[in-house]
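S.K.: Below you will find the structure I want to go over with you.
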Amino acid sequence: MQKTKYIVLWILFSFSFAKAQEHSAHNTQNKKVLPFPEKKLTEGKTVTYHLYVKDTLVNFTGKMKRAIAVNGQIPMPTLTFTEGDTAEIIVHNMMDEETSLHWHGLMLPNKEDGVPMLTQMGIKPHSTYTYKFPIIQHGTHWYHSHSGMQEQIGMYGSLILKKRKDDPTFRKGIDDIPAIPLILSEWTDLNPHNVHRMLHNANDWFGIKKKSTQSYWEAIKEGHFGTKVTNEWKRMLAMDVSDIYYDKFLINGNSEQQLSQFKAGDRVRLRISNGGASSYFWINYAGGKIEVVANDGNDVEPLSVDRLIIGVSETYDIVVTIPEKNTSYELLVTPEDRTKSASIYIGEGVKQLHAPLPKLKYFEGMKMMNDMMKMNGDMKDMGMAMSLQKMDMNAVMYPEISGEKPKKSQKTDMDKDMKMDHSSHNMGDIVTLNYNMLKSPYDTSLPKKDSIKNITLTLTGNMNRYVWSMDDKVLSEVDKIQVKKGETLRIKLINNSMMRHPMHLHGFDFRVLNDNGAQSPLKNVLDIMPMETDVIEFAANTEGDWFFHCHILYHMMAGMNRVFAVGDYQNPEIPNKEKAYKMLQNESNEWHLMAENDFATNGNDGQAMLQNARWSIGTEWRLGYNSMHGYETETHIGRYIGKMQWLMPFIGFDWRYRNSHGSELEKNLFGQTSKKDQRATLSAGVVYTLPMLIDFQAEVFTDGIVRLQLRREDIPLTQRLRGAFSVNTDKEYMLGLKYIVTRNASLSTHYDSDMGWGAGITLAY
């Protein structure tokens, strides 16, 4: 009887809820949608900032490391303007290297956009440069260096453009409540140039630090041995949601801080910018729902969610409420890989914590990736149109979605003045923001034109070699995309890679075409998830060369960029546009060095490689400790071809010497005779990556000898133990083990058919 009562109550509740939703939808449909209001900006005042850029030392982790401070602080000072003002920012470069500042999300004259070699030349060391432009918009934005890797080490800051009180878009209860700018970021003790080099060389030190190596032993323990084998059969490395291990995550430069000026009942607007170089952040609030009121500096119709993920370089304005007295509520900021977190407590009193996000289930993600990937490296047609973050492919890795209980936080054990919300959720309980939920308060439709320029760009990448591209081409391989001034550009973006990419357009807001039609939201950053297809459009009304790129710093520097050349703008800051563009192209296709040497009891062997997006110059050597073992070196110069770069034709040189006291000539498996004592020959061949990530090498030497070889290094046996083998038709073979101790040192042992057993230490760069 009691059960029947509950069923009846549930049916009545569901009916009432459905009618309420229907009523709400009816009201929305009948609501008059206003066009974007015409604004007559009266001439405001000129607001001037002086920014002094200087090298400094910081200590986020107990170690002093180089950073860049502006006006003596990290992050850079918050710059505040009111719509209608003129911004004048005078940059004093006190460093020994060039710098620049880009005003992310701002619509301004092209020469003020702050991209070296595209809209200006870099600001020379020990010189002063002035940016000056009108403020013709409002909203939460940020600014950062667009020079090299400077953004990663401190050059980022909040940029707040306030509405005028007579603005027709001014919203009571939103635009007139206390507002706090928060800029999120991350810190690594490593030089970011070294980080970039390690990524290009498939160094898995970051996976070891994050405990995300997905080794064979871990796969066996978790019942995913078959998943791991399938993954490597399809020639894929371990999957991850982010590339880099960071030592700290920061909110306004701190991992924890308190806003104690607020009390129960207060509504607080948080202007959040993701100033991280490569980290996505989950935003959760211990005080209840999050009200989203703006995105990328543009108003949206307010909506309530439980959480949201903020992509690299995106901004969100959210409103939170403090429910109870004598309690401060945690805004928990967690990177997508969930390695650490940062917190800001809003209110005063006992700290109410949000449950920490549990560790990702990586093998579930690997299984999903296996199912999505064809043997040729393409993504399967899954028979579903995915777009606008509506289907989070990573959800299979979220324990909070699958219903697993989060583990108790250590900080609750240590602090009696804190409370923890351990509430568990399932998929139906958690409302996560996606782009289809964003709705502009206004009609954002573009004027109808006879001519619309349609462009399709496919986001492509090679995680093994860390090459990121569009249509399989890096920036150094393409010309600018020519656009007529005033033309409407409609861009279809297809993500055919296994990483998400926050695509940012300089100089314009674009419409994200979603289910809200005429009220589709305006943005300047689009996070496009794996397998998604999204469409954006904008009117190219401002002349100049405008950058369009992935805002993950290391993806951008690896080639995932394009330039829209609107009109025939003659930029006074760029006297030679062709030369400057070639310099920009070269910056996105740098050469990266890798080297290692094994100092063993039976000799030493090693290799060095210099590579860019397409080319590889590699040398291997083996050196015995006596004339019997001698020495041998091979050098190959090759070019990777194909979309997945599994094939590399090369030319080479083989030089070897040993003193075997005139021993007999040796025959290979093909019956060809080859004397190993002295050899100096040229060669030509190919290397092809087979399933299980085994390199097959076929090589023909000028003396007629043919050699075939199978080899694989860095087989992940456990988190830190790596295996290796090689075998060839010259009857040479090797088996090895390596235990990774530090980023640059490993303990190693191996058996070599020519040199016997050995053990020692391997040093790597």
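Chain labels run A, B, ... following the order of the structure tokens; each chain numbers its residues from 1, and ligands are numbered from 1 in the order shown.
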A:Ala294: which residues within 7 Å, counting only C-alpha atoms, same-chain residues fewer than 3 positions away excluded, as an NGL selection string?

M.R.: :A and (297-300 or 316-317)

S.K.: Please provide the set of residues having any atom within 8 Å of A:Lys325, restricted to only C-alpha atoms, with same-chain residues fewer than 6 positions apart removed, written as a list in words.

M.R.: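 The contact residues come out as Lys263, Ala264 and Gly349 of chain A.
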
S.K.: Would you save the residues from that selection as a PDB file, in the first residue's frame, using all heavy atoms?

M.R.:
```pdb
ATOM      1  N   LYS A 263      28.344  37.300   3.200  1.00  0.00           N
ATOM      2  CA  LYS A 263      27.591  36.654   4.279  1.00  0.00           C
ATOM      3  C   LYS A 263      26.369  35.944   3.708  1.00  0.00           C
ATOM      4  O   LYS A 263      26.088  36.022   2.503  1.00  0.00           O
ATOM      5  CB  LYS A 263      27.170  37.707   5.310  1.00  0.00           C
ATOM      6  CG  LYS A 263      26.290  38.816   4.763  1.00  0.00           C
ATOM      7  CD  LYS A 263      26.005  39.854   5.826  1.00  0.00           C
ATOM      8  CE  LYS A 263      25.041  40.939   5.325  1.00  0.00           C
ATOM      9  NZ  LYS A 263      25.546  41.662   4.155  1.00  0.00           N
ATOM     10  N   ALA A 264      25.664  35.246   4.563  1.00  0.00           N
ATOM     11  CA  ALA A 264      24.508  34.449   4.148  1.00  0.00           C
ATOM     12  C   ALA A 264      23.513  35.300   3.363  1.00  0.00           C
ATOM     13  O   ALA A 264      23.201  36.433   3.742  1.00  0.00           O
ATOM     14  CB  ALA A 264      23.828  33.835   5.366  1.00  0.00           C
ATOM     15  N   GLY A 349      33.437  31.688   8.258  1.00  0.00           N
ATOM     16  CA  GLY A 349      32.992  30.652   9.178  1.00  0.00           C
ATOM     17  C   GLY A 349      33.510  29.287   8.779  1.00  0.00           C
ATOM     18  O   GLY A 349      34.511  29.148   8.068  1.00  0.00           O
TER      19      GLY A 349
END
```

S.K.: Return as a ChimeraX atom specification the full set of residues in stretch 390-574 of chain A whose backbone-based DSSP assignment is helix (DSSP H, G or I).

M.R.: /A:393-397,399-402,410-414,435-437,475-477,517-519,553-556

S.K.: Nearest to A:Asn254 among A:Pro75, A:Lys390, A:Tyr216, A:Val229, with distances taken over only C-alpha atoms: which residue is it?

M.R.: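 Among the listed residues, A:Pro75 lies closest to A:Asn254.
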
S.K.: Skip A:Ile481 itself and residues of its chain fewer than 4 positions away, then list as a ChimeraX atom specification all residues within 12 Å of it, counting only C-alpha atoms.

M.R.: /A:453-457,475,489,544-548,561-567

S.K.: Please run DSSP on the backbone and report, as JSON, numbers by chain, all residues within stretch 124-187 of chain A that come out as strand (DSSP E or B).

M.R.: {"A": [127, 128, 129, 130, 131, 132, 133, 134, 139, 140, 141, 142, 143, 144, 156, 157, 158, 159, 160, 161, 162, 179, 180, 181, 182, 183, 184, 185, 186, 187]}

S.K.: With only C-alpha atoms as the basis for distance, which of A:Gln709, A:Ser242, A:Thr729, A:Ser328 is at the shortest distance from A:Asn668?

M.R.: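 When distances to A:Asn668 are compared using only C-alpha atoms, the smallest one comes from A:Thr729.
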
S.K.: If you measure from atom CA of A:Met734 to atom CA of A:Phe599, what distance in Å do you get, rounded to one decimal?

M.R.: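 Calculated distance between atom CA of A:Met734 and atom CA of A:Phe599 is 15.8 Å.
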
S.K.: Name the residues in contact with A:Lys643 at a cut-off of 10 Å, using only C-alpha atoms, excluding same-chain residues fewer than 4 positions from it; report them as a short mmCIF file (atom, residue, chain, number, x, y, z; two decimals) with all heavy atoms, in the first residue's frame.

M.R.:
```cif
data_model
loop_
_atom_site.label_atom_id
_atom_site.label_comp_id
_atom_site.auth_asym_id
_atom_site.auth_seq_id
_atom_site.Cartn_x
_atom_site.Cartn_y
_atom_site.Cartn_z
N ASN A 376 43.33 2.08 -39.44
CA ASN A 376 44.13 3.04 -40.22
C ASN A 376 44.30 4.37 -39.50
O ASN A 376 44.88 5.31 -40.05
CB ASN A 376 43.51 3.27 -41.59
CG ASN A 376 42.16 3.97 -41.53
OD1 ASN A 376 41.63 4.23 -40.44
ND2 ASN A 376 41.59 4.28 -42.68
N GLY A 377 43.79 4.46 -38.26
CA GLY A 377 43.95 5.68 -37.48
C GLY A 377 42.80 6.65 -37.59
O GLY A 377 42.73 7.63 -36.84
N ASP A 378 41.87 6.41 -38.52
CA ASP A 378 40.69 7.27 -38.65
C ASP A 378 39.69 6.96 -37.54
O ASP A 378 39.69 5.88 -36.95
CB ASP A 378 40.01 7.06 -40.00
CG ASP A 378 40.73 7.77 -41.13
OD1 ASP A 378 41.50 8.70 -40.83
OD2 ASP A 378 40.54 7.38 -42.29
N THR A 460 43.24 17.64 -36.81
CA THR A 460 43.97 16.39 -36.93
C THR A 460 45.19 16.42 -36.02
O THR A 460 45.67 17.49 -35.65
CB THR A 460 44.41 16.17 -38.39
OG1 THR A 460 44.93 17.39 -38.93
CG2 THR A 460 43.23 15.74 -39.25
N GLY A 461 45.68 15.23 -35.70
CA GLY A 461 46.84 15.20 -34.82
C GLY A 461 47.48 13.84 -34.76
O GLY A 461 46.90 12.83 -35.16
N ASN A 462 48.69 13.82 -34.25
CA ASN A 462 49.46 12.60 -34.09
C ASN A 462 50.04 12.63 -32.69
O ASN A 462 51.02 13.31 -32.44
CB ASN A 462 50.57 12.55 -35.15
CG ASN A 462 51.41 11.30 -35.06
OD1 ASN A 462 51.50 10.66 -34.02
ND2 ASN A 462 52.03 10.95 -36.17
N ASP A 471 43.45 19.73 -41.26
CA ASP A 471 43.50 19.08 -42.57
C ASP A 471 44.87 18.46 -42.82
O ASP A 471 45.39 18.48 -43.93
CB ASP A 471 43.16 20.08 -43.68
CG ASP A 471 41.75 20.64 -43.56
OD1 ASP A 471 40.88 19.93 -43.02
OD2 ASP A 471 41.53 21.79 -43.97
N ASP A 472 45.46 17.92 -41.73
CA ASP A 472 46.76 17.24 -41.80
C ASP A 472 47.90 18.16 -42.21
O ASP A 472 48.94 17.69 -42.68
CB ASP A 472 46.70 16.02 -42.73
CG ASP A 472 45.68 15.00 -42.27
OD1 ASP A 472 45.67 14.67 -41.08
OD2 ASP A 472 44.87 14.57 -43.11
N LYS A 473 47.74 19.46 -42.07
CA LYS A 473 48.81 20.40 -42.40
C LYS A 473 49.05 21.34 -41.21
O LYS A 473 48.10 21.88 -40.64
CB LYS A 473 48.46 21.23 -43.64
CG LYS A 473 48.35 20.41 -44.93
CD LYS A 473 48.03 21.31 -46.11
CE LYS A 473 47.79 20.49 -47.38
NZ LYS A 473 49.00 19.79 -47.81
N LEU A 647 54.90 5.83 -41.71
CA LEU A 647 55.90 5.47 -42.70
C LEU A 647 56.94 6.57 -42.83
O LEU A 647 56.59 7.75 -42.97
CB LEU A 647 55.23 5.23 -44.06
CG LEU A 647 56.17 4.86 -45.22
CD1 LEU A 647 56.80 3.50 -44.99
CD2 LEU A 647 55.41 4.88 -46.54
#
```

S.K.: Within 9 Å of A:Ile153, counting only C-alpha atoms, which residues show up once you throw out same-chain ones fewer than 4 positions away? Write them as a PyMOL selection string, please.

M.R.: chain A and resi 66-69+74+149+186-188+191-192

S.K.: Would you mind exporting the chosen residues as a PDB file, in the first residue's frame, restricted to N, CA and C atoms?

M.R.:
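In the end it all went to result.pdb:
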```
ATOM      1  N   ARG A  66      62.409  30.282 -12.493  1.00  0.00           N
ATOM      2  CA  ARG A  66      62.243  31.491 -13.277  1.00  0.00           C
ATOM      3  C   ARG A  66      60.784  31.686 -13.682  1.00  0.00           C
ATOM      4  N   ALA A  67      60.316  32.921 -13.605  1.00  0.00           N
ATOM      5  CA  ALA A  67      58.984  33.295 -14.074  1.00  0.00           C
ATOM      6  C   ALA A  67      59.067  34.711 -14.618  1.00  0.00           C
ATOM      7  N   ILE A  68      57.950  35.208 -15.125  1.00  0.00           N
ATOM      8  CA  ILE A  68      57.871  36.597 -15.590  1.00  0.00           C
ATOM      9  C   ILE A  68      56.774  37.291 -14.802  1.00  0.00           C
ATOM     10  N   ALA A  69      57.125  38.378 -14.167  1.00  0.00           N
ATOM     11  CA  ALA A  69      56.160  39.157 -13.396  1.00  0.00           C
ATOM     12  C   ALA A  69      55.899  40.479 -14.107  1.00  0.00           C
ATOM     13  N   ILE A  74      52.255  38.025 -10.181  1.00  0.00           N
ATOM     14  CA  ILE A  74      51.714  36.940 -10.997  1.00  0.00           C
ATOM     15  C   ILE A  74      50.419  36.489 -10.329  1.00  0.00           C
ATOM     16  N   MET A 149      56.580  30.823 -25.043  1.00  0.00           N
ATOM     17  CA  MET A 149      55.935  30.122 -23.931  1.00  0.00           C
ATOM     18  C   MET A 149      55.730  31.025 -22.712  1.00  0.00           C
ATOM     19  N   GLU A 186      47.974  27.200 -14.119  1.00  0.00           N
ATOM     20  CA  GLU A 186      48.736  26.081 -13.599  1.00  0.00           C
ATOM     21  C   GLU A 186      50.211  26.446 -13.576  1.00  0.00           C
ATOM     22  N   TRP A 187      50.995  25.668 -12.820  1.00  0.00           N
ATOM     23  CA  TRP A 187      52.426  25.939 -12.726  1.00  0.00           C
ATOM     24  C   TRP A 187      53.210  24.639 -12.858  1.00  0.00           C
ATOM     25  N   THR A 188      54.276  24.675 -13.657  1.00  0.00           N
ATOM     26  CA  THR A 188      55.230  23.578 -13.722  1.00  0.00           C
ATOM     27  C   THR A 188      56.617  24.112 -13.400  1.00  0.00           C
ATOM     28  N   ASN A 191      61.063  24.052 -17.338  1.00  0.00           N
ATOM     29  CA  ASN A 191      61.064  25.066 -18.387  1.00  0.00           C
ATOM     30  C   ASN A 191      60.040  24.653 -19.445  1.00  0.00           C
ATOM     31  N   PRO A 192      59.087  25.509 -19.804  1.00  0.00           N
ATOM     32  CA  PRO A 192      58.061  25.094 -20.764  1.00  0.00           C
ATOM     33  C   PRO A 192      58.621  24.681 -22.125  1.00  0.00           C
TER      34      PRO A 192
END
```

S.K.: When you look at A:His504 with a cut-off of 6 Å (counting only C-alpha atoms), what residues show up, excluding the ones that are within fewer than 6 positions of it in the same chain? I need them as an mmCIF file with N, CA, C and O atoms, in the first residue's frame.

M.R.:
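Here's the written file selection-v7.cif:
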```cif
data_model
loop_
_atom_site.group_PDB
_atom_site.id
_atom_site.type_symbol
_atom_site.label_atom_id
_atom_site.label_comp_id
_atom_site.auth_asym_id
_atom_site.auth_seq_id
_atom_site.Cartn_x
_atom_site.Cartn_y
_atom_site.Cartn_z
ATOM 1 N N ASN A 524 34.032 33.420 -28.568
ATOM 2 C CA ASN A 524 35.267 33.521 -29.346
ATOM 3 C C ASN A 524 36.180 32.328 -29.118
ATOM 4 O O ASN A 524 37.265 32.250 -29.687
ATOM 5 N N VAL A 525 35.744 31.392 -28.263
ATOM 6 C CA VAL A 525 36.463 30.131 -28.045
ATOM 7 C C VAL A 525 35.450 29.005 -28.143
ATOM 8 O O VAL A 525 34.383 29.067 -27.523
ATOM 9 N N PHE A 548 43.616 32.173 -35.920
ATOM 10 C CA PHE A 548 42.619 31.177 -35.498
ATOM 11 C C PHE A 548 43.407 29.933 -35.106
ATOM 12 O O PHE A 548 44.095 29.347 -35.946
ATOM 13 N N HIS A 549 43.310 29.531 -33.838
ATOM 14 C CA HIS A 549 44.224 28.479 -33.377
ATOM 15 C C HIS A 549 43.668 27.752 -32.166
ATOM 16 O O HIS A 549 42.780 28.231 -31.465
#
```

S.K.: Using only C-alpha atoms for the distances, tell me which of A:Tyr329, A:Phe363, A:Tyr280, A:Phe249 is nearest to A:Lys221.

M.R.: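 For A:Lys221, the nearest of the given residues is A:Phe363.
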